[in-house]
Amino acid sequence: MRNILLASTLFVATLSPFTAAMAQQTAAPAIADSAILTPERVFANPSLSGPVAKGVSLSPDGELVAFLRSRPDDVEVQDLWAAPTGPGEPFKLIDARALVPDAGELSEAEKARRERMRISARGVVEYSWDEQGRYILAPLEGDIFLAAREGGQVRRLTETEADEIDAKVSPKGNFVSFVRDQDLVVYDLATNTETAVTSDGEGLKTWATAEFIAQEELDRDTGYWWSPDERFIALQHTDESTVDIIPRLDITGGGASTVEQRYPRAGRPNAVVELYVHDRQSGQRIKVDLGADNDIYLARVNWSADGRILYVQRLSRNQKTLDLLSVDPATGASRVIVSQRSDAWVPLNHDFKALDNGDFLWSSEETGWKHLYLYNRDGRRLRAITQGQYPIKSLAGVDQRTGDVFFTASMRDGREQPIEQQLFRASLRRTMTPVAVTSAGGWWSASMNKTGTAFVGNYTDLNTPMQSALYRADGTRIRWIEENRLQPGHPAYPFASRRGEVTFGTLESHGETLVWQMTTPPGFDRTKTYPVVMQVYGGPSGGGVKRGWQASTNQLLTEAGYIVFRLDNRGEGDRSAAFKQALYLRMGQPEIEDQVMAADYLRSLPFVDDARIAMMGWSYGGFMTLMAATEPKMGLAGALAGAPPTEWGLYDTAYTERYMSTPQANVEGYAASDVIPRLPNLTGRLLLMHGMADDNVILENSTRVINALQQNSQPFELMLYPGQRHGVRGNERQLQQWRTYLDFLDRTIGSRSHTQ
């Protein structure tokens, strides 16, 4: 069947604006004497991404930019750098190796926290400014260092056997706070003394730390919040005694141990989370009234600009109701001032912004698209800030003097454009058509200063590695932070012209427009046929199809002669509520239906070898790969599944119940998404991978597949990674992983598949 979009790139002029913008080809720039990219070069130093600035932020006064940069001699270790916003060159503020030459073993709590935050680097991995911009606080290998803005002196605040985690500078810069041994500690910078705010954290009871579910599934990495005047600290208390113990083998290259992990599986009890307010003047601790039901999620905590109101977002266990509470910090009394509701789930965000006049901004998906709204302090809605057939991605900043509101969105001419992202400007004071601050054609992210007058912009497109620069609020570039230009001397430059041609297009599914991306091998010839690797994630996420610099591992696939294809199916991406909710109660069903359609489309192309299509994915993508490999309509010749959830009853509460309800309430949906009964339908060859210390998608998800395949006498291939958690870390192991991928693909759909 050679029909839909077979020649989409030839008929751009006849398509709708949405489809026309999607169906475009971008070729790599012509570079003489281009080299062939190898796995050995991809997983070596320096990084092929070039000097990418990570974690970029402006000082509160806007005069200095701080950022993290990987060391050229070891991409896995980061130093803290800074650059003046005016004249002057970037300089190293904290040299991780100089301060801590021999990085020791992190505590289990810090390992788990970094895993939740997807931090794989060592050295300086996070930092924070005080609100005056006098200091930068940087935790480093379990201890805390404070860099002074004036003179650049670095001061070591702690040197203990225990790890100090989640360190912060207080808003006025008088104190540093952190969690040590499950208790909150405040360090007075004037007297160099410590004061324990709590002292009874031990065992299953912890103060001021986000619980597992908050870190992994609610995008909340902290468990305490300073008031702007430094008088109060709101802090959570967590009791994990209600959570089931799931014994987990932690298998390393040197042996194995059993971890009695408290893991809240779908339909089972969560930890009990309470919120308190510590008054530093009186020393009293007041419990916040979160309501009669303690089976809820503490989603977000924010202070009003004057510190008189504590705003708390309380999410119901079924995630269909999100309440905004106004709390009196002196008494703990609370009242609901805004409620958001959904028949499926209410998505969380970081768009809450308290304004100096007492009003606040918050976003909602009630129209079917996520938009920003202005409320007064009592929760009465004043006006919509944005509206239209597109979702905003995030609130970037507010200039309260001018009333300008800045936000990111994947939108062009008032309609969604999923593969691009820009920064836009709207207004607090009047309804207006948003104005684009940044250019179209690629992918922008932005971090604004507190006053909304400048931002750090990160930009990438298909021919531009990630660049970082400082901009005025009107989009005028002030200075480069990391220009990272693709030119002679850039690590990726010798390989650039062989990156292949990238094509974007769309498919229609149940009234929804799906976006896809295809990359062809170097020297692509339409008169020949090629094998295809379908890359997939497929689950709730930001989507993978973007007009941005492509991962160097994609080029490994195209260099090996494969077409690389990716489709963002229904349920994947920051799109409309209807698009995302298509998978509600039936994960693995609409997504696979869309991927089958994508496979049919690929087979309609004259240059695709119908019999040589493989799929690869990790995590949810691993689940999708197994579901696709056991769907006869897909007809896959190969499947590469990494760390797959294979039965959603084994996964955690907040994520699984958000999309699937509980196993007790949705028996049919859970059964349909279980991989095991589908295994007799397995087509082609299977490569299964998993970390043997995975504390997120625990190894049981794969061992049950291993056991079932053996019971069925079905051949498969297996690669396990001792000591690795939910991802494979380090150049050496990742090189082995990709050598394994390429070898498997070569034998399955590549050059050696013809001879077997």
# chains A, B, ... in the order shown; residues from 1 in each chain; ligands from 1

call {"tool": "residues_around", "arguments": {"residues": "Ala299 in chain A", "least_positions_apart": "3", "cutoff": "7 Å", "atoms": "only C-alpha atoms", "output": "PDB file with N, CA, C and O atoms, in the first residue's frame"}}
result
ATOM      1  N   LEU A 218       6.502  13.115  40.490  1.00  0.00           N
ATOM      2  CA  LEU A 218       5.845  14.412  40.625  1.00  0.00           C
ATOM      3  C   LEU A 218       6.761  15.567  40.255  1.00  0.00           C
ATOM      4  O   LEU A 218       6.364  16.730  40.367  1.00  0.00           O
ATOM      5  N   GLN A 313      -0.112  22.924  46.788  1.00  0.00           N
ATOM      6  CA  GLN A 313      -0.900  22.179  45.819  1.00  0.00           C
ATOM      7  C   GLN A 313      -1.071  20.752  46.322  1.00  0.00           C
ATOM      8  O   GLN A 313      -0.087  20.035  46.510  1.00  0.00           O
ATOM      9  N   ARG A 314      -2.325  20.381  46.542  1.00  0.00           N
ATOM     10  CA  ARG A 314      -2.682  19.063  47.072  1.00  0.00           C
ATOM     11  C   ARG A 314      -3.359  18.260  45.963  1.00  0.00           C
ATOM     12  O   ARG A 314      -4.404  18.647  45.460  1.00  0.00           O
ATOM     13  N   LEU A 315      -2.751  17.131  45.615  1.00  0.00           N
ATOM     14  CA  LEU A 315      -3.260  16.291  44.539  1.00  0.00           C
ATOM     15  C   LEU A 315      -3.918  15.055  45.132  1.00  0.00           C
ATOM     16  O   LEU A 315      -3.327  14.365  45.971  1.00  0.00           O
TER      17      LEU A 315
END

call {"tool": "closest_atom_pairs", "arguments": {"of": "range 518-551 of chain A", "to": "range 459-479 of chain A", "cutoff": "10 Å", "atoms": "only C-alpha atoms", "output": "tab-separated table"}}
result
residue	atom	partner	partner_atom	distance
A:Lys546	CA	A:Asp461	CA	8.4
A:Arg547	CA	A:Asp461	CA	5.4
A:Gly548	CA	A:Asp461	CA	3.8
A:Trp549	CA	A:Leu462	CA	4.5
A:Gln550	CA	A:Leu462	CA	6.7
A:Ala551	CA	A:Pro465	CA	9.9

call {"tool": "closest_residue", "arguments": {"among": "A:Gly133, A:Pro590, A:Pro347, A:Gly505", "to": "Ala672 in chain A", "atoms": "only C-alpha atoms"}}
result
A:Pro590

call {"tool": "residues_around", "arguments": {"residues": "Pro644 in chain A", "least_positions_apart": "2", "cutoff": "12 Å", "atoms": "only C-alpha atoms", "output": "NGL selection string"}}
result
:A and (537 or 539 or 616-627 or 640-642 or 646-648 or 650-651 or 674-675 or 687-691 or 694 or 696-705 or 726-727)

call {"tool": "closest_residue", "arguments": {"among": "A:Gly635, A:Gly457, A:Gly442, A:Gly543", "to": "Lys54 in chain A", "atoms": "only C-alpha atoms"}}
result
A:Gly457

call {"tool": "closest_residue", "arguments": {"among": "A:Ala628, A:Ala354, A:Leu290, A:Val545", "to": "Asp323 in chain A", "atoms": "only C-alpha atoms"}}
result
A:Leu290

call {"tool": "closest_residue", "arguments": {"among": "A:Leu602, A:Gly638, A:Gln132, A:Ala208", "to": "Val186 in chain A", "atoms": "only C-alpha atoms"}}
result
A:Ala208

call {"tool": "residues_around", "arguments": {"residues": "range 333-338 of chain A", "least_positions_apart": "3", "cutoff": "7 Å", "atoms": "only C-alpha atoms", "output": "list in words"}}
result
Val288, Asp289, Asp323, Leu324, Leu325, Ser326, Val327, Asp328, Asp378 and Gly379 of chain A

call {"tool": "closest_residue", "arguments": {"among": "A:Thr513, A:Gln284, A:Gln421, A:Ser552", "to": "Tyr493 in chain A", "atoms": "only C-alpha atoms"}}
result
A:Ser552

call {"tool": "closest_residue", "arguments": {"among": "A:Thr662, A:Asn270, A:Asn357, A:Asn449", "to": "Thr242 in chain A", "atoms": "only C-alpha atoms"}}
result
A:Asn270

call {"tool": "atom_distance", "arguments": {"atom1": "CA of Gln724 in chain A", "atom2": "CA of Pro645 in chain A"}}
result
16.3 Å

call {"tool": "select_by_dssp", "arguments": {"residues": "range 526-717 of chain A", "states": "alpha helix (DSSP H)", "output": "PyMOL selection string"}}
result
chain A and resi 552-559+577-580+590-603+620-629+653-660+667-672+700-711

call {"tool": "atom_distance", "arguments": {"atom1": "CA of Ala577 in chain A", "atom2": "CA of Lys633 in chain A"}}
result
28.2 Å

call {"tool": "residues_around", "arguments": {"residues": "range 72-86 of chain A", "least_positions_apart": "6", "cutoff": "6 Å", "atoms": "only C-alpha atoms", "output": "PyMOL selection string"}}
result
chain A and resi 46+63-66+92-96+121-124

call {"tool": "write_last_selection", "arguments": {"atoms": "C-alpha atoms", "output": "CSV table (one decimal), in the first residue's frame"}}
result
chain,number,residue,atom,x,y,z
A,46,PRO,CA,35.9,15.2,24.4
A,63,GLU,CA,25.7,40.7,35.9
A,64,LEU,CA,27.1,37.1,35.9
A,65,VAL,CA,26.1,33.9,34.3
A,66,ALA,CA,26.9,30.5,35.9
A,92,LYS,CA,36.3,28.5,36.2
A,93,LEU,CA,34.7,29.1,39.5
A,94,ILE,CA,34.8,25.7,41.1
A,95,ASP,CA,37.3,23.0,39.9
A,96,ALA,CA,35.8,19.7,41.1
A,121,ALA,CA,27.8,13.1,36.1
A,122,ARG,CA,30.1,13.6,39.1
A,123,GLY,CA,31.8,16.7,40.3
A,124,VAL,CA,29.5,19.7,40.5

call {"tool": "residues_around", "arguments": {"residues": "Ile563 in chain A", "least_positions_apart": "3", "cutoff": "7 Å", "atoms": "only C-alpha atoms", "output": "list in words"}}
result
Met518, Thr519, Thr520, Pro521, Tyr530, Pro531, Val532, Val533 and Thr558 of chain A

call {"tool": "select_by_dssp", "arguments": {"residues": "range 309-397 of chain A", "states": "strand (DSSP E or B)", "output": "number ranges by chain"}}
result
A: 310-316, 321-327, 334-341, 353-354, 360-364, 371-375, 381-384, 389, 392-397

call {"tool": "write_last_selection", "arguments": {"atoms": "N, CA and C atoms", "output": "short mmCIF file (atom, residue, chain, number, x, y, z; two decimals), in the first residue's frame"}}
result
data_model
loop_
_atom_site.label_atom_id
_atom_site.label_comp_id
_atom_site.auth_asym_id
_atom_site.auth_seq_id
_atom_site.Cartn_x
_atom_site.Cartn_y
_atom_site.Cartn_z
N LEU A 310 1.39 30.71 52.59
CA LEU A 310 2.03 29.52 52.05
C LEU A 310 1.03 28.86 51.12
N TYR A 311 1.38 28.74 49.84
CA TYR A 311 0.50 28.10 48.86
C TYR A 311 0.93 26.64 48.70
N VAL A 312 -0.04 25.75 48.83
CA VAL A 312 0.23 24.31 48.75
C VAL A 312 -0.69 23.69 47.71
N GLN A 313 -0.11 22.92 46.79
CA GLN A 313 -0.90 22.18 45.82
C GLN A 313 -1.07 20.75 46.32
N ARG A 314 -2.32 20.38 46.54
CA ARG A 314 -2.68 19.06 47.07
C ARG A 314 -3.36 18.26 45.96
N LEU A 315 -2.75 17.13 45.61
CA LEU A 315 -3.26 16.29 44.54
C LEU A 315 -3.92 15.05 45.13
N SER A 316 -5.13 14.77 44.71
CA SER A 316 -5.82 13.58 45.21
C SER A 316 -5.10 12.32 44.77
N THR A 321 -8.19 15.48 40.96
CA THR A 321 -8.45 16.78 41.59
C THR A 321 -7.14 17.36 42.12
N LEU A 322 -6.86 18.59 41.73
CA LEU A 322 -5.71 19.32 42.23
C LEU A 322 -6.22 20.58 42.91
N ASP A 323 -6.02 20.68 44.23
CA ASP A 323 -6.48 21.83 45.00
C ASP A 323 -5.30 22.73 45.34
N LEU A 324 -5.52 24.03 45.22
CA LEU A 324 -4.55 25.01 45.69
C LEU A 324 -5.01 25.53 47.04
N LEU A 325 -4.19 25.29 48.07
CA LEU A 325 -4.52 25.70 49.43
C LEU A 325 -3.79 26.99 49.78
N SER A 326 -4.50 27.88 50.45
CA SER A 326 -3.88 29.07 51.03
C SER A 326 -3.71 28.80 52.52
N VAL A 327 -2.47 28.83 53.00
CA VAL A 327 -2.15 28.42 54.36
C VAL A 327 -1.61 29.61 55.15
N SER A 334 -5.72 26.15 56.73
CA SER A 334 -5.72 26.21 55.28
C SER A 334 -7.13 26.29 54.74
N ARG A 335 -7.24 26.79 53.50
CA ARG A 335 -8.51 26.79 52.78
C ARG A 335 -8.22 26.61 51.30
N VAL A 336 -9.15 25.95 50.61
CA VAL A 336 -9.02 25.73 49.18
C VAL A 336 -9.46 26.99 48.45
N ILE A 337 -8.57 27.53 47.59
CA ILE A 337 -8.95 28.74 46.85
C ILE A 337 -9.11 28.49 45.35
N VAL A 338 -8.52 27.43 44.82
CA VAL A 338 -8.72 27.05 43.42
C VAL A 338 -8.68 25.53 43.33
N SER A 339 -9.54 24.96 42.50
CA SER A 339 -9.52 23.52 42.24
C SER A 339 -9.50 23.26 40.75
N GLN A 340 -8.67 22.34 40.33
CA GLN A 340 -8.66 21.87 38.95
C GLN A 340 -9.10 20.42 38.94
N ARG A 341 -9.96 20.05 37.99
CA ARG A 341 -10.49 18.69 37.94
C ARG A 341 -10.43 18.14 36.52
N LYS A 353 3.29 31.27 39.96
CA LYS A 353 4.16 32.43 40.18
C LYS A 353 3.42 33.46 41.03
N ALA A 354 3.93 33.68 42.25
CA ALA A 354 3.34 34.70 43.14
C ALA A 354 3.90 36.07 42.76
N PHE A 360 -1.45 36.03 41.56
CA PHE A 360 -0.55 34.96 41.14
C PHE A 360 -0.96 34.43 39.77
N LEU A 361 0.02 33.85 39.09
CA LEU A 361 -0.19 33.18 37.81
C LEU A 361 -0.21 31.68 38.04
N TRP A 362 -1.03 30.99 37.26
CA TRP A 362 -1.07 29.53 37.31
C TRP A 362 -1.63 29.04 35.99
N SER A 363 -1.28 27.85 35.60
CA SER A 363 -1.78 27.31 34.34
C SER A 363 -2.81 26.23 34.59
N SER A 364 -3.64 26.00 33.58
CA SER A 364 -4.69 25.00 33.65
C SER A 364 -4.92 24.42 32.26
N HIS A 371 -3.03 26.53 29.34
CA HIS A 371 -2.86 27.98 29.20
C HIS A 371 -2.67 28.64 30.56
N LEU A 372 -2.17 29.86 30.52
CA LEU A 372 -1.86 30.64 31.72
C LEU A 372 -3.03 31.54 32.10
N TYR A 373 -3.25 31.66 33.42
CA TYR A 373 -4.33 32.50 33.93
C TYR A 373 -3.82 33.33 35.10
N LEU A 374 -4.43 34.50 35.29
CA LEU A 374 -4.10 35.41 36.39
C LEU A 374 -5.20 35.33 37.43
N TYR A 375 -4.81 35.19 38.71
CA TYR A 375 -5.74 35.10 39.83
C TYR A 375 -5.39 36.16 40.86
N ARG A 381 -10.34 34.16 39.52
CA ARG A 381 -9.65 34.33 38.24
C ARG A 381 -9.94 35.72 37.68
N LEU A 382 -8.87 36.39 37.27
CA LEU A 382 -9.00 37.74 36.72
C LEU A 382 -9.05 37.74 35.20
N ARG A 383 -8.19 36.94 34.56
CA ARG A 383 -8.22 36.88 33.11
C ARG A 383 -7.32 35.74 32.62
N ALA A 384 -7.56 35.37 31.35
CA ALA A 384 -6.67 34.43 30.67
C ALA A 384 -5.50 35.21 30.08
N GLN A 389 -5.43 27.21 20.13
CA GLN A 389 -5.31 25.79 19.82
C GLN A 389 -3.85 25.33 19.90
N ILE A 392 0.78 25.96 26.09
CA ILE A 392 2.05 26.54 26.53
C ILE A 392 2.86 25.41 27.16
N LYS A 393 4.18 25.52 27.08
CA LYS A 393 5.04 24.51 27.69
C LYS A 393 5.35 24.87 29.14
N SER A 394 5.80 26.11 29.36
CA SER A 394 6.13 26.51 30.73
C SER A 394 6.20 28.02 30.83
N LEU A 395 5.91 28.53 32.03
CA LEU A 395 6.08 29.95 32.34
C LEU A 395 7.57 30.20 32.54
N ALA A 396 8.12 31.14 31.77
CA ALA A 396 9.56 31.42 31.84
C ALA A 396 9.88 32.56 32.79
N GLY A 397 9.01 33.58 32.86
CA GLY A 397 9.30 34.71 33.73
C GLY A 397 8.27 35.82 33.55
#

call {"tool": "residues_around", "arguments": {"residues": "Pro329 in chain A", "least_positions_apart": "6", "cutoff": "10 Å", "atoms": "only C-alpha atoms", "output": "list in words"}}
result
Ser227, Phe232, Ile233, Ala234, Tyr276, Val277, His278, Asp279, Arg285, Ile286, Lys287, Val288, Trp303, Gly307, Arg308, Ile309, Leu310 and Tyr311 of chain A

call {"tool": "write_last_selection", "arguments": {"atoms": "N, CA and C atoms", "output": "PDB file, in the first residue's frame"}}
result
ATOM      1  N   SER A 227      10.811  30.846  53.551  1.00  0.00           N
ATOM      2  CA  SER A 227       9.994  32.020  53.262  1.00  0.00           C
ATOM      3  C   SER A 227      10.911  33.157  52.815  1.00  0.00           C
ATOM      4  N   PHE A 232      10.396  31.770  58.213  1.00  0.00           N
ATOM      5  CA  PHE A 232       9.788  30.447  58.231  1.00  0.00           C
ATOM      6  C   PHE A 232      10.505  29.488  57.280  1.00  0.00           C
ATOM      7  N   ILE A 233      10.453  28.223  57.645  1.00  0.00           N
ATOM      8  CA  ILE A 233      10.839  27.153  56.722  1.00  0.00           C
ATOM      9  C   ILE A 233       9.699  26.138  56.727  1.00  0.00           C
ATOM     10  N   ALA A 234       9.075  25.960  55.563  1.00  0.00           N
ATOM     11  CA  ALA A 234       8.096  24.884  55.415  1.00  0.00           C
ATOM     12  C   ALA A 234       8.867  23.605  55.118  1.00  0.00           C
ATOM     13  N   TYR A 276       4.866  20.811  57.671  1.00  0.00           N
ATOM     14  CA  TYR A 276       4.985  21.638  58.863  1.00  0.00           C
ATOM     15  C   TYR A 276       5.603  22.975  58.481  1.00  0.00           C
ATOM     16  N   VAL A 277       5.442  23.958  59.365  1.00  0.00           N
ATOM     17  CA  VAL A 277       6.118  25.243  59.224  1.00  0.00           C
ATOM     18  C   VAL A 277       6.930  25.488  60.487  1.00  0.00           C
ATOM     19  N   HIS A 278       8.230  25.658  60.306  1.00  0.00           N
ATOM     20  CA  HIS A 278       9.132  25.959  61.422  1.00  0.00           C
ATOM     21  C   HIS A 278       9.306  27.475  61.498  1.00  0.00           C
ATOM     22  N   ASP A 279       9.003  28.037  62.662  1.00  0.00           N
ATOM     23  CA  ASP A 279       9.158  29.476  62.899  1.00  0.00           C
ATOM     24  C   ASP A 279      10.523  29.700  63.546  1.00  0.00           C
ATOM     25  N   ARG A 285       7.148  24.629  65.784  1.00  0.00           N
ATOM     26  CA  ARG A 285       6.845  23.934  64.544  1.00  0.00           C
ATOM     27  C   ARG A 285       5.343  23.677  64.504  1.00  0.00           C
ATOM     28  N   ILE A 286       4.691  24.186  63.440  1.00  0.00           N
ATOM     29  CA  ILE A 286       3.244  24.092  63.299  1.00  0.00           C
ATOM     30  C   ILE A 286       2.903  23.140  62.162  1.00  0.00           C
ATOM     31  N   LYS A 287       1.949  22.245  62.412  1.00  0.00           N
ATOM     32  CA  LYS A 287       1.505  21.324  61.368  1.00  0.00           C
ATOM     33  C   LYS A 287       0.505  22.018  60.457  1.00  0.00           C
ATOM     34  N   VAL A 288       0.676  21.841  59.156  1.00  0.00           N
ATOM     35  CA  VAL A 288      -0.234  22.419  58.167  1.00  0.00           C
ATOM     36  C   VAL A 288      -1.421  21.481  57.970  1.00  0.00           C
ATOM     37  N   TRP A 303       5.718  30.140  48.365  1.00  0.00           N
ATOM     38  CA  TRP A 303       5.415  31.244  49.263  1.00  0.00           C
ATOM     39  C   TRP A 303       4.914  32.444  48.471  1.00  0.00           C
ATOM     40  N   GLY A 307       5.668  36.583  51.993  1.00  0.00           N
ATOM     41  CA  GLY A 307       5.876  35.539  52.993  1.00  0.00           C
ATOM     42  C   GLY A 307       4.723  35.340  53.947  1.00  0.00           C
ATOM     43  N   ARG A 308       3.571  35.992  53.691  1.00  0.00           N
ATOM     44  CA  ARG A 308       2.436  35.872  54.611  1.00  0.00           C
ATOM     45  C   ARG A 308       1.536  34.688  54.293  1.00  0.00           C
ATOM     46  N   ILE A 309       1.633  34.156  53.083  1.00  0.00           N
ATOM     47  CA  ILE A 309       0.798  33.025  52.679  1.00  0.00           C
ATOM     48  C   ILE A 309       1.689  31.913  52.156  1.00  0.00           C
ATOM     49  N   LEU A 310       1.391  30.713  52.589  1.00  0.00           N
ATOM     50  CA  LEU A 310       2.033  29.522  52.047  1.00  0.00           C
ATOM     51  C   LEU A 310       1.026  28.859  51.116  1.00  0.00           C
ATOM     52  N   TYR A 311       1.383  28.738  49.840  1.00  0.00           N
ATOM     53  CA  TYR A 311       0.504  28.098  48.864  1.00  0.00           C
ATOM     54  C   TYR A 311       0.925  26.642  48.700  1.00  0.00           C
TER      55      TYR A 311
END

call {"tool": "atom_distance", "arguments": {"atom1": "CA of Val273 in chain A", "atom2": "CA of Tyr297 in chain A"}}
result
7.6 Å
